[in-house]
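Asker: Okay, handing you the structure first.
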Protein chains: 2
Amino acid sequence: MALLEHSKYSQGSVLGGVNPDLASERQTASFSVEKLTVWLDGGEEHTQKRRAVVEAIERDPVFSRENQYFQSQNERYEAAVRKAVHLQKKMEEMGWTESGPEFKYIYRAVSGDIAFLLHRIFIRSISVLGSDKQIAKWIPLATQLKLIGSYAQTELGHGTYLQGLETTAVFDITTQEFILNTPKISAMKWWPGDMGRSATHTVVFAQLYISGKCYGVHPFIVQIRSLRDHSLCPGITAGDIGPKMNFEHVDNGYLMLQNVRVPRENMLNKFCEVQPDGTYVRQGSQKINYFTMTTVRISLISDEVIIPLMKACTIAIRYSVVRRQSKLKPGEQEAKILDYQTQQEKLLPQLAAAYAFHFINDYLQELFNRGYREIQQQNFNTLPELHAFSSGFKAMVTQYSTSAVQICLQACGGHGYSSLSGLPSLYTKIIASCIYEGENTILLLQTARFLIKCFRAASAGQPVPPSVTYLAAVKPGKCPAKNKLEFLSPNIYTEAYQHMAARLVSSTAAKLQDLIQSGVKKHDAWNQCTVQLAQAAKAHCHYITVKNFAETVEKLKTEAGIQKIMKHLCDLFALHGIFSNAGVFLHDGYVSGAQMDMITASYLDLLAVIRKDAVPLVDAFDFTDKSLNSALGSYDGQVYQRLYEWAQKSPTNQQMSPAYERYLKPLLHSTQSKL
Amino acid sequence: MALLEHSKYSQGSVLGGVNPDLASERQTASFSVEKLTVWLDGGEEHTQKRRAVVEAIERDPVFSRENQYFQSQNERYEAAVRKAVHLQKKMEEMGWTESGPEFKYIYRAVSGDIAFLLHRIFIRSISVLGSDKQIAKWIPLATQLKLIGSYAQTELGHGTYLQGLETTAVFDITTQEFILNTPKISAMKWWPGDMGRSATHTVVFAQLYISGKCYGVHPFIVQIRSLRDHSLCPGITAGDIGPKMNFEHVDNGYLMLQNVRVPRENMLNKFCEVQPDGTYVRQGSQKINYFTMTTVRISLISDEVIIPLMKACTIAIRYSVVRRQSKLKPGEQEAKILDYQTQQEKLLPQLAAAYAFHFINDYLQELFNRGYREIQQQNFNTLPELHAFSSGFKAMVTQYSTSAVQICLQACGGHGYSSLSGLPSLYTKIIASCIYEGENTILLLQTARFLIKCFRAASAGQPVPPSVTYLAAVKPGKCPAKNKLEFLSPNIYTEAYQHMAARLVSSTAAKLQDLIQSGVKKHDAWNQCTVQLAQAAKAHCHYITVKNFAETVEKLKTEAGIQKIMKHLCDLFALHGIFSNAGVFLHDGYVSGAQMDMITASYLDLLAVIRKDAVPLVDAFDFTDKSLNSALGSYDGQVYQRLYEWAQKSPTNQQMSPAYERYLKPLLHSTQSKL
């Protein structure tokens, strides 16, 4: 089955230069791709650092992802551990430190295929929840990988609702130990990463009992595997939870505890302590802990959501100018599929969303840095707003991006469905972000609770955070735009979003009020409004994203070419949102049917405009071919050549299947004489 | 790692009866599940036949899917071949024939994991396109599996646009042979199932050349592998295209041809023939061929789309009454997640859609049977309508169901993401249905072309098929409903859908007309309207689906309990569609904002009503546990027990990973003394 025998197929191969259909797209860019890249990175220096990290990682064969699409779960896990251990050395060798400027680029450079992320959460939880003494004991061992930690919170029967956890930790005053148990199957720890096969230790969250009284959920450091031979410790049952939709490289695990004893010192006790006589003491504020959860939610948006979305856009858009299908004009060559309006309408709004989310991420980071400074000064006033933001944006951005990656995949037709396109793995991974770190619907309802509270406060003339003052200003009105061009004004569409979000919040608040006044109990009334509450929370986040995009474009003065194309993308993001959610804008007549036609016209016009710069706009994301790992999305556009070359490496082509000898041969042999 | 040691974990195990939370759901059904099942099957006799087939297949260990989620692509392929070969024997043993009543249940019973589906297409294409002589030669060999066939149409660079195929077949008058070639890499055959590793023969579609003149695409039977040792024939390069998002069990293949000669008799020549002297003769009508494509599209809806959707609903709904999370009322037990409005709003509309699509499938089957009878009498008048229906419904039903399965998956939180839930594989398989047998957007545009044509004809007073006469009746108007209860009237909502679909078709026709009159060329104008044309086609199909559901309920007199719950589902399907696409109903004021609030209220009320019967409604689909192959969805609801038992069988738990010896041991051994 040795292939590539006829040299003519190698023409225009990987070594054969850029596909001319793709090359021509780059010659007509209306702006400098390099300048856009640098601006997105936040400056020349950052671009250089990022590229240096990516280059160092990709040059190192240990980090190769070359055969990833062919590997089993066992092989993926092994590779991830290898990379994690090697990274430790690499960082030393390169002089990269956890607090250094290069650190944030490493995860992007390894494309996430690395073990011990939960080990990092183990470290973080001890740093935040542990006493100085506990930190001094455990952190050096953990950072040098002299133990492997995990974080055992989720149980088979309990996820987001932490108070419901069923694992128990009973204080035994006679031995000064906690006795940990899994009282029933639903209490088994389930899902913690790095726990199925790697971890020697884990932080177990359990209900603390002292003298028969329950004090709620607390964290305990528990050793689960021997440091000598990695066998399970007495009383421990643990293993891997098996195959998942993705994350084959992670050993998500299960854990059962049977009378497992840990010393009193193993309860993380910065905020709560059990004294030797069994006295329970709560000390300090736990609010900072609340802030940590919030931070995790925000930090995942960039690495786990925006980067995969940008990759999917890069792959789908490059492929869509290489792929030709049917004829746009009779008698002409077959057309690039990106020249079809329907293909533009699939892909370009996703591209605009990738930019919109990049900017909202900057905004959130800034908000959090400010919040963090205030918290360090013991000012916790912004916490509710930060929590509401982190919840709502995590939900909105992950759900939107998941749909976007799905659209990119489907827009590539059959080849998008091949693993070699890279799109299936991007999709099956990003969809998990809708579930982990808080299930999206629950998060949206937390944001909604904040919005309803602020709406009521604002209506009563009380002060509310600046981001939600608009809620008080809701009144009937009509959008003033008179023709399709006026809908390209950020003021016009931002106000439409503001009006719509405020209306959804206020009308749901009114429904809630009505139900309660009609005698429905508060919790039932809340439940009966949750579909609309979630919708209102999404609308709020959508509005803030549009507003922030418009403000980002407004502030961008340095480079006219870049500002112009960013303005187009901002318009597209905003009008796409109105076009796709027309009902909520038309509902109270703020936008009329005739105006919706103008919006649609402007929206469709924009597609044709942005189409011209589509390839430069994804080139600016600056992904290497190794990072994309896609036969469809490489910089040179040699799509068919790469699909063919990569397919040949598949294990399905390495040998004759035993199915031939066993099942086919007996049938086929009887045929010979007849043909 | 031997588990299940403490007997207490086995309480309520697989052997321990039905989970009480699930059992209680079945005690309050408002109708007889068995009667609903029989009605869905079309009568007692059909239910019995189906159950007999399922039982016979599931009792046979060769058809087991027990370890499917742990298997590699190679193992899946081998199992699929084993099953396909065994099925041949099984059918003989059971007395099932291809034309018998049991045949249609076999595919459901094996859950699709079987090889040689393309072999069936090979047979079908010869039967339809071959002469009597060709049929006599090839069909007996193929049906006895004395050769394995495939169907090589799609190329690396060409899918839906068949005229663009690049493979060539040049007639050599001196040897009376066709010489087949793959002139460049984009012409390589790519994707045909059963071709990568199994097929000995295939039907190759190639551009026919005689004396330098091209006669377009024609089908040729080509042998690609030796019947003696399965090696590739001279001039043939072939292999497997590698991993995909699903379909691991299928050997989708590639094929290159280099001066491959086949005798003149190998061109399928029922409709076209090349005579010995090189004269090209076209005979008979090719319209029947057109009809075959249409039939395939319709036939896949049931097996590949509706059944997976029903399975996903069954899994998600059963799990949602076993899973408890947070509290609905303070002080009470944690609530079943299906008691949350947001969870109902995710799942119940998908359940309603599963029923809606089951009924529209019946409708389409009937339409096609009628069409087929007419065609046999040489009446081809209904072909355009049938083609438009098959295209539009294939696109609408596959896209809708793909989203629905995704919603089911995400609604199960983390456990839905585990392969053991069965949901990831249902999802990754159903999404392919949006692409194969015609990419959905292209199909919708074919339907739109038919609708525009009919709209113009109807407006000019010319006759049009009955299904589209409504297009002529479009006029401004207002929905007459005055309160939320009136929106539970099928006449009210069916008319709203009809009005909306007709408006979208007519307004797009007007835009098209305007563009052409303003001087835009016809093909450019068409391209500039395609986003709206696709929307109009979808709206038409949605309308017909609602109308058909309402009519099905209306005709259902036998069983009051069933009619009542079907009426609720019909209302839900219809109102969900209005709620989710509010913009197109509000746009011209047919539905006012105040009416949309009534619709929303009725819609949300319905959720609580149908919630009570949710479990009996999925039980009625009558899937066995083996068929669902889901740790979350089994009949007894022993969710956690099964997840745990199944996880232990994962290959990730079969041995210590080599990663330990290689990477972890050296690190951890240095730690021992310190802890």
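Residues are referred to by chain and number: the chain letter is A, B, ... according to the order shown in the structure tokens, the number counts from 1 in that chain, and ligands are numbered separately from 1 in the order shown.
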Excluding range 645-649 of chain B and any residue of its chain fewer than 6 positions from it, enumerate the residues within 8 Å of it, using only C-alpha atoms, and give them as an mmCIF file with N, CA and C atoms, in the first residue's frame.
Answerer:
```cif
data_model
loop_
_atom_site.group_PDB
_atom_site.id
_atom_site.type_symbol
_atom_site.label_atom_id
_atom_site.label_comp_id
_atom_site.auth_asym_id
_atom_site.auth_seq_id
_atom_site.Cartn_x
_atom_site.Cartn_y
_atom_site.Cartn_z
ATOM 1 N N GLY A 239 -9.907 4.438 40.142
ATOM 2 C CA GLY A 239 -9.630 4.032 38.765
ATOM 3 C C GLY A 239 -10.069 5.104 37.795
ATOM 4 N N ASP A 240 -10.035 4.753 36.527
ATOM 5 C CA ASP A 240 -10.350 5.690 35.453
ATOM 6 C C ASP A 240 -11.822 5.532 35.071
ATOM 7 N N ILE A 241 -12.502 6.632 34.768
ATOM 8 C CA ILE A 241 -13.946 6.521 34.474
ATOM 9 C C ILE A 241 -14.235 6.095 33.038
ATOM 10 N N GLY A 242 -13.194 5.865 32.257
ATOM 11 C CA GLY A 242 -13.427 5.335 30.908
ATOM 12 C C GLY A 242 -13.540 6.415 29.852
ATOM 13 N N LEU B 420 -20.065 6.401 27.956
ATOM 14 C CA LEU B 420 -20.910 5.345 28.499
ATOM 15 C C LEU B 420 -22.380 5.745 28.560
ATOM 16 N N ALA B 631 -25.481 3.788 29.985
ATOM 17 C CA ALA B 631 -25.488 3.653 31.444
ATOM 18 C C ALA B 631 -26.509 4.592 32.080
#
```
Asker: Output as a PyMOL selection string all residues of range 321-533 of chain A that backbone DSSP marks as helix (DSSP H, G or I).
Answerer: chain A and resi 321-322+337-339+341-376+383-411+413-417+419-421+423-434+440-459+466-473+484-488+490-517+522-528+530-533
Asker: One number please: CA of Glu366 in chain A to CA of Val546 in chain A, in Å, one decimal.
Answerer: 17.1 Å
Asker: Fewer than 3 positions away in the same chain doesn't count, so skip those; otherwise give me all residues within 10 Å of Ser403 in chain B, counting only C-alpha atoms, as a short mmCIF file (atom, residue, chain, number, x, y, z; two decimals) with N, CA and C atoms, in the first residue's frame.
Answerer:
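Written output follows (out16.cif):
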```cif
data_model
loop_
_atom_site.label_atom_id
_atom_site.label_comp_id
_atom_site.auth_asym_id
_atom_site.auth_seq_id
_atom_site.Cartn_x
_atom_site.Cartn_y
_atom_site.Cartn_z
N SER A 403 -21.52 26.39 19.46
CA SER A 403 -22.31 26.42 18.22
C SER A 403 -21.46 26.86 17.06
N LEU B 309 -32.72 10.05 17.51
CA LEU B 309 -33.34 11.13 18.29
C LEU B 309 -34.21 10.54 19.41
N GLN B 350 -37.84 18.46 22.41
CA GLN B 350 -37.14 17.47 21.58
C GLN B 350 -37.98 16.19 21.50
N THR B 398 -32.86 16.45 9.61
CA THR B 398 -31.51 16.11 10.10
C THR B 398 -30.93 17.26 10.94
N GLN B 399 -31.13 18.49 10.49
CA GLN B 399 -30.56 19.61 11.24
C GLN B 399 -31.24 19.76 12.60
N TYR B 400 -32.52 19.68 12.60
CA TYR B 400 -33.30 19.81 13.84
C TYR B 400 -32.91 18.69 14.80
N GLN B 406 -27.90 17.06 20.54
CA GLN B 406 -26.92 17.87 21.27
C GLN B 406 -27.52 18.41 22.57
N ILE B 407 -28.74 18.88 22.49
CA ILE B 407 -29.42 19.40 23.68
C ILE B 407 -29.59 18.28 24.71
N CYS B 408 -29.99 17.10 24.27
CA CYS B 408 -30.13 15.96 25.19
C CYS B 408 -28.80 15.67 25.88
N LEU B 409 -27.73 15.68 25.11
CA LEU B 409 -26.41 15.39 25.66
C LEU B 409 -26.04 16.42 26.73
N TYR B 427 -24.70 11.49 19.01
CA TYR B 427 -24.50 12.82 18.46
C TYR B 427 -23.52 12.83 17.29
N ILE B 430 -25.24 11.28 14.25
CA ILE B 430 -26.38 11.95 13.61
C ILE B 430 -25.93 13.22 12.90
N ILE B 431 -24.87 13.85 13.38
CA ILE B 431 -24.43 15.10 12.74
C ILE B 431 -23.99 14.82 11.30
#
```
Asker: For CA of Gly159 in chain B and CA of Glu265 in chain B, quote the distance in Å rounded to one decimal.
Answerer: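 CA of Glu265 in chain B lies at a distance of 26.9 Å from CA of Gly159 in chain B.
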Asker: Using only C-alpha atoms for the distances, tell me which of B:Lys311, B:His86, B:His669, B:Arg264 is nearest to Asp625 in chain B.
Answerer: B:Lys311
Asker: Show me, as a count of residues only, the residues that have an atom within 12 Å of Tyr340 in chain B when counting only C-alpha atoms, minus same-chain residues fewer than 2 positions from it.
Answerer: 38
Asker: For Asp277 in chain A, please output as a ChimeraX atom specification all residues within 7 Å (counting only C-alpha atoms; exclusion window: fewer than 2 positions along the same chain).
Answerer: /A:173,275,279
Asker: When you look at range 197-212 of chain B with a cut-off of 9 Å (counting only C-alpha atoms), what residues show up, excluding the ones that are within fewer than 6 positions of it in the same chain? I need them as a ChimeraX atom specification.
Answerer: /A:652-653,656-657,659-660,664,668 /B:81,116,119,122,125-126,147-154,163,165-173,178,180-181,189,218-227,230,232,238-240,251-253,268,274,278-280
Asker: Tell me, as a PyMOL selection string, which residues lie within 10 Å of Ser111 in chain B, counting only C-alpha atoms; anything in the same chain fewer than 6 positions away does not count.
Answerer: chain B and resi 54+63+65+105+303-304+307-308+626-629
Asker: For the residues in the current selection, export all heavy atoms as an mmCIF file, in the first residue's frame.
Answerer:
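selection_37.cif was written with the following content:
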```
data_model
loop_
_atom_site.group_PDB
_atom_site.id
_atom_site.type_symbol
_atom_site.label_atom_id
_atom_site.label_comp_id
_atom_site.auth_asym_id
_atom_site.auth_seq_id
_atom_site.Cartn_x
_atom_site.Cartn_y
_atom_site.Cartn_z
ATOM 1 N N VAL B 54 -35.823 -8.049 17.067
ATOM 2 C CA VAL B 54 -34.906 -7.489 18.064
ATOM 3 C C VAL B 54 -34.446 -8.587 19.021
ATOM 4 O O VAL B 54 -33.256 -8.702 19.329
ATOM 5 C CB VAL B 54 -35.580 -6.324 18.824
ATOM 6 C CG1 VAL B 54 -34.755 -5.926 20.042
ATOM 7 C CG2 VAL B 54 -35.784 -5.130 17.895
ATOM 8 N N PHE B 63 -23.876 -10.391 17.686
ATOM 9 C CA PHE B 63 -24.331 -9.016 17.467
ATOM 10 C C PHE B 63 -24.140 -8.114 18.692
ATOM 11 O O PHE B 63 -24.589 -6.974 18.697
ATOM 12 C CB PHE B 63 -25.807 -9.011 17.042
ATOM 13 C CG PHE B 63 -26.044 -9.653 15.707
ATOM 14 C CD1 PHE B 63 -26.692 -10.873 15.602
ATOM 15 C CD2 PHE B 63 -25.589 -9.030 14.545
ATOM 16 C CE1 PHE B 63 -26.891 -11.470 14.363
ATOM 17 C CE2 PHE B 63 -25.787 -9.625 13.304
ATOM 18 C CZ PHE B 63 -26.443 -10.845 13.206
ATOM 19 N N ARG B 65 -23.004 -5.494 21.381
ATOM 20 C CA ARG B 65 -22.287 -4.214 21.325
ATOM 21 C C ARG B 65 -21.682 -3.904 22.684
ATOM 22 O O ARG B 65 -21.349 -2.755 22.984
ATOM 23 C CB ARG B 65 -23.265 -3.096 20.933
ATOM 24 C CG ARG B 65 -23.771 -3.238 19.503
ATOM 25 C CD ARG B 65 -25.058 -2.460 19.322
ATOM 26 N NE ARG B 65 -24.821 -1.039 19.455
ATOM 27 C CZ ARG B 65 -25.660 -0.184 20.050
ATOM 28 N NH1 ARG B 65 -26.783 -0.613 20.581
ATOM 29 N NH2 ARG B 65 -25.377 1.089 20.119
ATOM 30 N N TYR B 105 -36.834 -4.206 10.229
ATOM 31 C CA TYR B 105 -36.489 -4.071 11.642
ATOM 32 C C TYR B 105 -35.042 -4.467 11.943
ATOM 33 O O TYR B 105 -34.545 -4.221 13.038
ATOM 34 C CB TYR B 105 -37.440 -4.907 12.502
ATOM 35 C CG TYR B 105 -38.889 -4.542 12.303
ATOM 36 C CD1 TYR B 105 -39.811 -5.477 11.837
ATOM 37 C CD2 TYR B 105 -39.335 -3.245 12.554
ATOM 38 C CE1 TYR B 105 -41.146 -5.141 11.638
ATOM 39 C CE2 TYR B 105 -40.660 -2.893 12.354
ATOM 40 C CZ TYR B 105 -41.565 -3.853 11.888
ATOM 41 O OH TYR B 105 -42.863 -3.498 11.697
ATOM 42 N N ASP B 303 -34.271 5.495 9.958
ATOM 43 C CA ASP B 303 -33.223 4.716 10.621
ATOM 44 C C ASP B 303 -32.085 5.569 11.179
ATOM 45 O O ASP B 303 -31.560 5.284 12.252
ATOM 46 C CB ASP B 303 -32.611 3.708 9.629
ATOM 47 C CG ASP B 303 -33.559 2.562 9.343
ATOM 48 O OD1 ASP B 303 -34.504 2.361 10.124
ATOM 49 O OD2 ASP B 303 -33.354 1.873 8.323
ATOM 50 N N GLU B 304 -31.686 6.573 10.433
ATOM 51 C CA GLU B 304 -30.476 7.300 10.806
ATOM 52 C C GLU B 304 -30.751 8.569 11.593
ATOM 53 O O GLU B 304 -29.830 9.190 12.119
ATOM 54 C CB GLU B 304 -29.664 7.666 9.542
ATOM 55 C CG GLU B 304 -29.280 6.481 8.660
ATOM 56 C CD GLU B 304 -28.265 5.542 9.312
ATOM 57 O OE1 GLU B 304 -27.793 5.831 10.419
ATOM 58 O OE2 GLU B 304 -27.959 4.495 8.706
ATOM 59 N N ILE B 307 -34.747 7.448 14.837
ATOM 60 C CA ILE B 307 -34.438 6.475 15.893
ATOM 61 C C ILE B 307 -33.348 6.994 16.843
ATOM 62 O O ILE B 307 -33.531 6.952 18.064
ATOM 63 C CB ILE B 307 -34.123 5.085 15.286
ATOM 64 C CG1 ILE B 307 -35.455 4.473 14.797
ATOM 65 C CG2 ILE B 307 -33.446 4.164 16.308
ATOM 66 C CD1 ILE B 307 -35.335 3.113 14.172
ATOM 67 N N PRO B 308 -32.239 7.531 16.320
ATOM 68 C CA PRO B 308 -31.269 8.119 17.260
ATOM 69 C C PRO B 308 -31.864 9.248 18.108
ATOM 70 O O PRO B 308 -31.549 9.357 19.297
ATOM 71 C CB PRO B 308 -30.182 8.661 16.332
ATOM 72 C CG PRO B 308 -30.285 7.848 15.092
ATOM 73 C CD PRO B 308 -31.729 7.484 14.944
ATOM 74 N N LYS B 626 -30.192 -3.093 25.633
ATOM 75 C CA LYS B 626 -29.069 -3.401 24.734
ATOM 76 C C LYS B 626 -29.035 -2.437 23.561
ATOM 77 O O LYS B 626 -27.981 -2.050 23.079
ATOM 78 C CB LYS B 626 -29.176 -4.836 24.219
ATOM 79 C CG LYS B 626 -28.713 -5.835 25.256
ATOM 80 C CD LYS B 626 -28.642 -7.239 24.688
ATOM 81 C CE LYS B 626 -28.202 -8.212 25.778
ATOM 82 N NZ LYS B 626 -28.350 -9.601 25.367
ATOM 83 N N SER B 627 -30.198 -2.079 23.100
ATOM 84 C CA SER B 627 -30.276 -1.189 21.961
ATOM 85 C C SER B 627 -29.841 0.226 22.352
ATOM 86 O O SER B 627 -29.160 0.906 21.599
ATOM 87 C CB SER B 627 -31.712 -1.220 21.439
ATOM 88 O OG SER B 627 -32.014 -0.071 20.735
ATOM 89 N N LEU B 628 -30.207 0.671 23.543
ATOM 90 C CA LEU B 628 -29.792 2.004 23.997
ATOM 91 C C LEU B 628 -28.304 2.028 24.318
ATOM 92 O O LEU B 628 -27.622 3.020 24.082
ATOM 93 C CB LEU B 628 -30.579 2.410 25.242
ATOM 94 C CG LEU B 628 -32.067 2.692 25.038
ATOM 95 C CD1 LEU B 628 -32.750 2.881 26.393
ATOM 96 C CD2 LEU B 628 -32.285 3.937 24.175
ATOM 97 N N ASN B 629 -27.817 0.914 24.877
ATOM 98 C CA ASN B 629 -26.401 0.806 25.242
ATOM 99 C C ASN B 629 -25.934 2.014 26.043
ATOM 100 O O ASN B 629 -24.888 2.608 25.759
ATOM 101 C CB ASN B 629 -25.562 0.628 23.967
ATOM 102 C CG ASN B 629 -24.284 -0.168 24.221
ATOM 103 O OD1 ASN B 629 -24.109 -0.747 25.290
ATOM 104 N ND2 ASN B 629 -23.383 -0.152 23.254
#
```
Asker: Please determine, counting only C-alpha atoms, which residue among B:Ala502, B:Leu423, B:Ile610, B:Asp636 has the shortest atom-to-atom distance to Ala458 in chain B.
Answerer: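 Going through B:Ala502, B:Leu423, B:Ile610, B:Asp636 one by one, the smallest distance to Ala458 in chain B is for B:Ala502.
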Asker: For CA of Ser186 in chain A and CA of Ala29 in chain B, quote the distance in Å rounded to one decimal.
Answerer: 27.8 Å
Asker: As JSON, numbers by chain, list the residues of range 101-339 of chain A assigned to strand (DSSP E) by DSSP on the backbone atoms of this structure.
Answerer: {"A": [151, 152, 168, 169, 170, 171, 172, 177, 178, 179, 180, 181, 189, 190, 201, 202, 203, 204, 205, 206, 207, 208, 209, 210, 213, 214, 215, 216, 217, 218, 219, 220, 221, 222, 223, 236, 237, 238, 239, 240, 253, 254, 255, 256, 257, 260, 261, 262, 263, 272, 273, 274, 280, 281, 282]}
Asker: Which of these residues is nearest to Gly100 in chain A, using only C-alpha atoms: A:Lys49, A:Lys394, A:Lys475, A:Lys538?
Answerer: A:Lys49
Asker: Taking only C-alpha atoms into account, which of A:Ser390, A:Ser592, A:Ser602, A:Thr402 comes nearest Ala537 in chain A?
Answerer: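 So, comparing all the options, the nearest one is A:Ser390.
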